[in-house]
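The structure appears below as structure tokens.
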Amino acid sequence: MKADPKGVLTGTHFLDGNQACCEGALAAGANFAAGYPITPSTEIVERFASRTPAVNGTFLQMEDELASSIAIQGAIWGGAKAFTVTSGPGFSLMMEHIGYAAMTETPCVFVDVQRGGPSTGLPTLPGQGDMMQARWGSHGDYEIVALCPNSPQECFDLMVDAFNLAEQYRTPVMFMMDECVAHMTEKVMIPAADAIEIQPRRYTSLPPQRYRPFQPCADGIPEMVKVGEGYRIHVTGLTHDEQGYPATEWRTQEKLVRRLVEKIRRNTLKIVRYEESNTDDAEVIVVAYGITSRIALRAIKMAREEGIRAGLHRPIVVWPFTEARLRELRGKVKGFVVAEMNYGQMFGEVERCVAERARTLLVPHGGGMVHHPDDILEAIREVAR
Amino acid sequence: MSEALASQPVNPVEPFLRSERMPHIWCPGCGIGTTVNCFARALVESKLALDKVAVVSGIGCTGRVAGYVRLDSFHTTHGRSIPFATGLKLANPGLTVVVYSGDGDLIAIGGNHFIHAARRNVDLKVICVNNFIYGMTGGQVAPTTPIGALATTSPYGCFERPFNLPFLAESSGAVYVARWTAYHVRFIAHSMVEAFHKKGFCFIEIIAPCPTLYQRRNRMGDGLDTMKYYKQKSVIKNGANTKDVALDFQGEIIVGKFVDIERPTLEETMDRQLHEALGNHYSGLGGQ
């Protein structure tokens, strides 16, 4: 299906990441958002509140992030495409409803514009410290998808993809921006609506008598209905059977949780996305994402000038992780440098994938300021030695 | 099925229940089932199109109502039924959205959402079964537990002044506020019908026994004894000032319809202002 032209601001614009993210949501067909003000994410919902009434949508500022993150799910079951937007402290509050969305297979998008943490931390300054929280933050076992843009253009493009992935896999999708990408202004090209591919909601064609709300299709994902169509569904955060009814015993739990996990794990190779530069001949590969990937490019250029063959592996989809690709690369290089604005969250993943078959070196940063290219360069030199 | 069985009369409430899920989890003497019976009768009487009615519950004993009614129904997270229902209603304004939950869920963990939804006057019908206790978790003190009453976490008697729910609802902005006990089944059903036909944030408190965890611990007898207490100590005062309807431990219970006023709903205000501001560019509420 192609995008509805109503929400698509086709043309070439000069936008920051937050504005572009909002345009991506509108282009994807989002017609409901709920949010609570929090720096550095608020411009996304400010723009949505201004734009959406003219394109069939609703914005509601809620009393807190708990409310925002569940109001969108009510809207989605009512038939809307919906998302919420926050930053670290609010993201912490939303964990409860990321779990609810995972359990009830509600296709929604959570935007987290990362700032320095923990706690109130650095409200106006960048961080990348929520990467593991995005993956594991709610209790229990589930899988999610997370994307990590490194430019305003990608904030637009990947936001459309985020909605498509949410609908395709009926899963919460985390949109992991950072304050730098959110507030950097660049050229953003928004294509014509008919050039934007949209994954429609997977509504059932079965009549109510034959429809079971959580009976999976062949790909492990059940079809949806919306409220008010006569299906009389029941949806619960309790462990439930295919009819959607609570069944709090281990066999139902095993079947349900296994399916929630496997519907993503089995499709990992279809979902993962990365971008590489100079990896063909590389002896050292820098793994970096978001704004840090752009600093890494500078360090790689400097390394090449010194004769060190360095390259970049940039996960675009960060969850599920680009594990298969790193396993390919690990036999071809001396080692990996991981640069991220935290103390080693994705580094742990890289170490796991590399499994000591090459060197791994972390260039951590607590946030508040991006890495200096020299620090990444120094690590490249160290691994190349 | 034998002919004798086939000719058994059907309980008039049965079509409204997911009978395949019976028996329910509620204890003998619990008041929640009584309120569900009233709810089913109110649905019949109100002649609402049942496919357009959704029930949203939170967590707790009353939170299980959503799982037993044969309607589109959602058992959400603890305290969050109101914001879920708000999103559902705004995205699909043609629905009648009923929030059905307990005092702990709606007023303790969900208290902030309760006052804000009332302030906004979202078109929700909120039914709160108040049994003065956390039943599902085994009888802990609630923000409705009267001073002096025993609970597992107030073993020497509750020290805290409880919320007066009708007053809280009215002062937060509810346009319809009523209170009944589980004894007043016809009044409950009648209030529900009125709420279904009224636009805006409607609140019905139903005082109900929890014989297992509240009545027994406080030596008040069983469910039947509680019904006798409700009958003897309830005073119907329609239009009473909600400031004057606070509850004491085992004291008089003032019941009735306290508030029934007109005020534009969130949806109406939003719609009007967006029309004024955007004219032909505004595409209407609901987005579908």
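Residues in the structure tokens are numbered from 1 in each chain, the chains being A, B, ... in the order shown, and ligands are numbered from 1 in the order shown.
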
List the neighbours of Gly135 of chain B out to 9 Å using only C-alpha atoms; skip same-chain residues closer than 4 positions along the sequence, and give me the result as an MDAnalysis selection string. chainID B and resid 60:61 131 139:140 210 212:214

Using DSSP secondary structure from the backbone, list all strand (DSSP E) positions within segment 215-324 of chain A, as a VMD selection string. chain A and resid 234 to 236 274 to 277 284 to 287 310 to 315 317 to 319

Keeping only N, CA and C atoms, write those residues as a CSV table (one decimal), in the first residue's frame.
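Contents of out-v5.csv, as written:
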chain,number,residue,atom,x,y,z
A,234,HIS,N,-11.5,-10.1,23.6
A,234,HIS,CA,-11.0,-9.8,24.9
A,234,HIS,C,-9.5,-9.7,24.8
A,235,VAL,N,-8.9,-8.7,25.4
A,235,VAL,CA,-7.4,-8.5,25.3
A,235,VAL,C,-7.0,-8.3,26.7
A,236,THR,N,-5.9,-9.0,27.1
A,236,THR,CA,-5.4,-8.9,28.5
A,236,THR,C,-3.9,-9.0,28.5
A,274,TYR,N,22.0,-2.5,8.3
A,274,TYR,CA,23.2,-1.8,8.7
A,274,TYR,C,23.8,-1.1,7.5
A,275,GLU,N,24.7,-0.2,7.8
A,275,GLU,CA,25.4,0.5,6.7
A,275,GLU,C,26.9,0.4,7.0
A,276,GLU,N,27.7,0.2,5.9
A,276,GLU,CA,29.1,0.0,6.1
A,276,GLU,C,29.8,0.9,5.2
A,277,SER,N,31.0,1.4,5.6
A,277,SER,CA,31.9,2.0,4.7
A,277,SER,C,33.3,1.5,4.9
A,284,VAL,N,40.6,-2.8,10.9
A,284,VAL,CA,39.9,-2.4,12.1
A,284,VAL,C,38.5,-1.9,11.7
A,285,ILE,N,37.5,-2.4,12.4
A,285,ILE,CA,36.1,-1.9,12.1
A,285,ILE,C,35.6,-1.2,13.4
A,286,VAL,N,35.1,0.0,13.1
A,286,VAL,CA,34.5,0.8,14.2
A,286,VAL,C,33.0,0.4,14.1
A,287,VAL,N,32.4,0.0,15.2
A,287,VAL,CA,31.0,-0.2,15.3
A,287,VAL,C,30.4,1.1,16.1
A,310,ALA,N,40.9,1.3,8.2
A,310,ALA,CA,39.7,1.3,9.1
A,310,ALA,C,38.4,1.4,8.4
A,311,GLY,N,37.4,0.8,8.9
A,311,GLY,CA,36.0,0.9,8.3
A,311,GLY,C,35.0,1.0,9.3
A,312,LEU,N,33.7,1.3,8.9
A,312,LEU,CA,32.6,1.5,9.8
A,312,LEU,C,31.5,0.5,9.6
A,313,HIS,N,31.1,-0.1,10.7
A,313,HIS,CA,29.8,-0.9,10.6
A,313,HIS,C,28.8,-0.2,11.5
A,314,ARG,N,27.7,0.3,10.9
A,314,ARG,CA,26.7,1.1,11.6
A,314,ARG,C,25.4,0.3,11.6
A,315,PRO,N,25.0,-0.2,12.8
A,315,PRO,CA,23.7,-0.8,12.8
A,315,PRO,C,22.6,0.3,12.7
A,317,VAL,N,19.1,-0.8,12.2
A,317,VAL,CA,18.3,-1.6,13.2
A,317,VAL,C,19.2,-2.1,14.2
A,318,VAL,N,19.0,-1.6,15.5
A,318,VAL,CA,20.0,-2.0,16.5
A,318,VAL,C,19.5,-3.3,17.3
A,319,TRP,N,18.1,-3.4,17.4
A,319,TRP,CA,17.5,-4.6,17.9
A,319,TRP,C,16.5,-5.2,16.9

Any idea which chain B residues end up within 9 Å of chain A if we count only C-alpha atoms, as a PDB file with C-alpha atoms, in the first residue's frame please?
ATOM      1  CA  ARG B  21     -15.334 -18.627  31.206  1.00  0.00           C
ATOM      2  CA  LEU B  50     -23.652  -3.843  21.967  1.00  0.00           C
ATOM      3  CA  ASP B  51     -21.062  -4.036  19.199  1.00  0.00           C
ATOM      4  CA  LYS B  52     -20.324  -0.383  19.927  1.00  0.00           C
ATOM      5  CA  VAL B  53     -19.799  -0.807  23.663  1.00  0.00           C
ATOM      6  CA  ALA B  54     -16.289  -1.441  25.002  1.00  0.00           C
ATOM      7  CA  ALA B  66     -13.654  -7.075  31.369  1.00  0.00           C
ATOM      8  CA  GLY B  67     -12.896 -10.762  30.975  1.00  0.00           C
ATOM      9  CA  TYR B  68     -16.437 -11.906  31.699  1.00  0.00           C
ATOM     10  CA  VAL B  69     -18.582  -9.555  29.614  1.00  0.00           C
ATOM     11  CA  ARG B  70     -19.296 -10.550  26.016  1.00  0.00           C
ATOM     12  CA  LEU B  71     -18.263  -7.193  24.594  1.00  0.00           C
ATOM     13  CA  ASP B  72     -15.047  -5.794  23.171  1.00  0.00           C
ATOM     14  CA  SER B  73     -13.124  -5.738  26.403  1.00  0.00           C
ATOM     15  CA  PHE B  74      -9.660  -4.869  27.658  1.00  0.00           C
ATOM     16  CA  HIS B  75      -7.920  -5.941  30.838  1.00  0.00           C
ATOM     17  CA  THR B  76      -5.156  -3.333  30.953  1.00  0.00           C
ATOM     18  CA  THR B  77      -2.388  -2.541  33.431  1.00  0.00           C
ATOM     19  CA  ARG B  80      -4.268   2.652  33.624  1.00  0.00           C
ATOM     20  CA  SER B  81      -7.728   1.730  32.411  1.00  0.00           C
ATOM     21  CA  ILE B  82      -8.750   5.387  32.178  1.00  0.00           C
ATOM     22  CA  PRO B  83      -5.931   6.571  29.889  1.00  0.00           C
ATOM     23  CA  PHE B  84      -6.372   3.458  27.716  1.00  0.00           C
ATOM     24  CA  ALA B  85     -10.089   4.229  27.506  1.00  0.00           C
ATOM     25  CA  THR B  86      -9.304   7.871  26.693  1.00  0.00           C
ATOM     26  CA  GLY B  87      -7.226   6.832  23.676  1.00  0.00           C
ATOM     27  CA  LEU B  88      -9.871   4.342  22.578  1.00  0.00           C
ATOM     28  CA  LYS B  89     -12.679   6.895  22.808  1.00  0.00           C
ATOM     29  CA  LEU B  90     -10.781   9.659  20.986  1.00  0.00           C
ATOM     30  CA  ALA B  91      -9.721   7.342  18.170  1.00  0.00           C
ATOM     31  CA  ASN B  92     -13.167   5.831  17.800  1.00  0.00           C
ATOM     32  CA  PRO B  93     -15.705   8.407  19.052  1.00  0.00           C
ATOM     33  CA  GLY B  94     -18.736   6.323  18.069  1.00  0.00           C
ATOM     34  CA  LEU B  95     -18.058   3.870  20.887  1.00  0.00           C
ATOM     35  CA  ASN B 112      -3.907  10.852  38.790  1.00  0.00           C
ATOM     36  CA  HIS B 113      -5.552   9.546  35.626  1.00  0.00           C
ATOM     37  CA  HIS B 116      -7.398  14.342  34.862  1.00  0.00           C
ATOM     38  CA  LEU B 274     -10.403  23.076  15.801  1.00  0.00           C
ATOM     39  CA  LEU B 278      -8.750  25.640  11.009  1.00  0.00           C
ATOM     40  CA  ASN B 280     -12.114  23.724   6.070  1.00  0.00           C
ATOM     41  CA  HIS B 281      -8.630  22.414   6.827  1.00  0.00           C
ATOM     42  CA  TYR B 282      -9.937  20.550   9.857  1.00  0.00           C
ATOM     43  CA  SER B 283     -10.912  17.053   8.966  1.00  0.00           C
ATOM     44  CA  GLY B 284     -13.007  16.129  11.995  1.00  0.00           C
ATOM     45  CA  LEU B 285     -12.469  14.118  15.128  1.00  0.00           C
ATOM     46  CA  GLY B 286     -11.761  10.450  14.946  1.00  0.00           C
ATOM     47  CA  GLY B 287      -9.402  10.259  12.035  1.00  0.00           C
ATOM     48  CA  GLN B 288     -10.983   7.273  10.336  1.00  0.00           C
TER      49      GLN B 288
END

Taking 4 positions as the minimum chain separation for residues in the same chain, which residues sit within 7 Å of segment 105-107 of chain B when counting only C-alpha atoms? Answer as a ChimeraX atom specification. /B:58-60,78-79,101,111,114
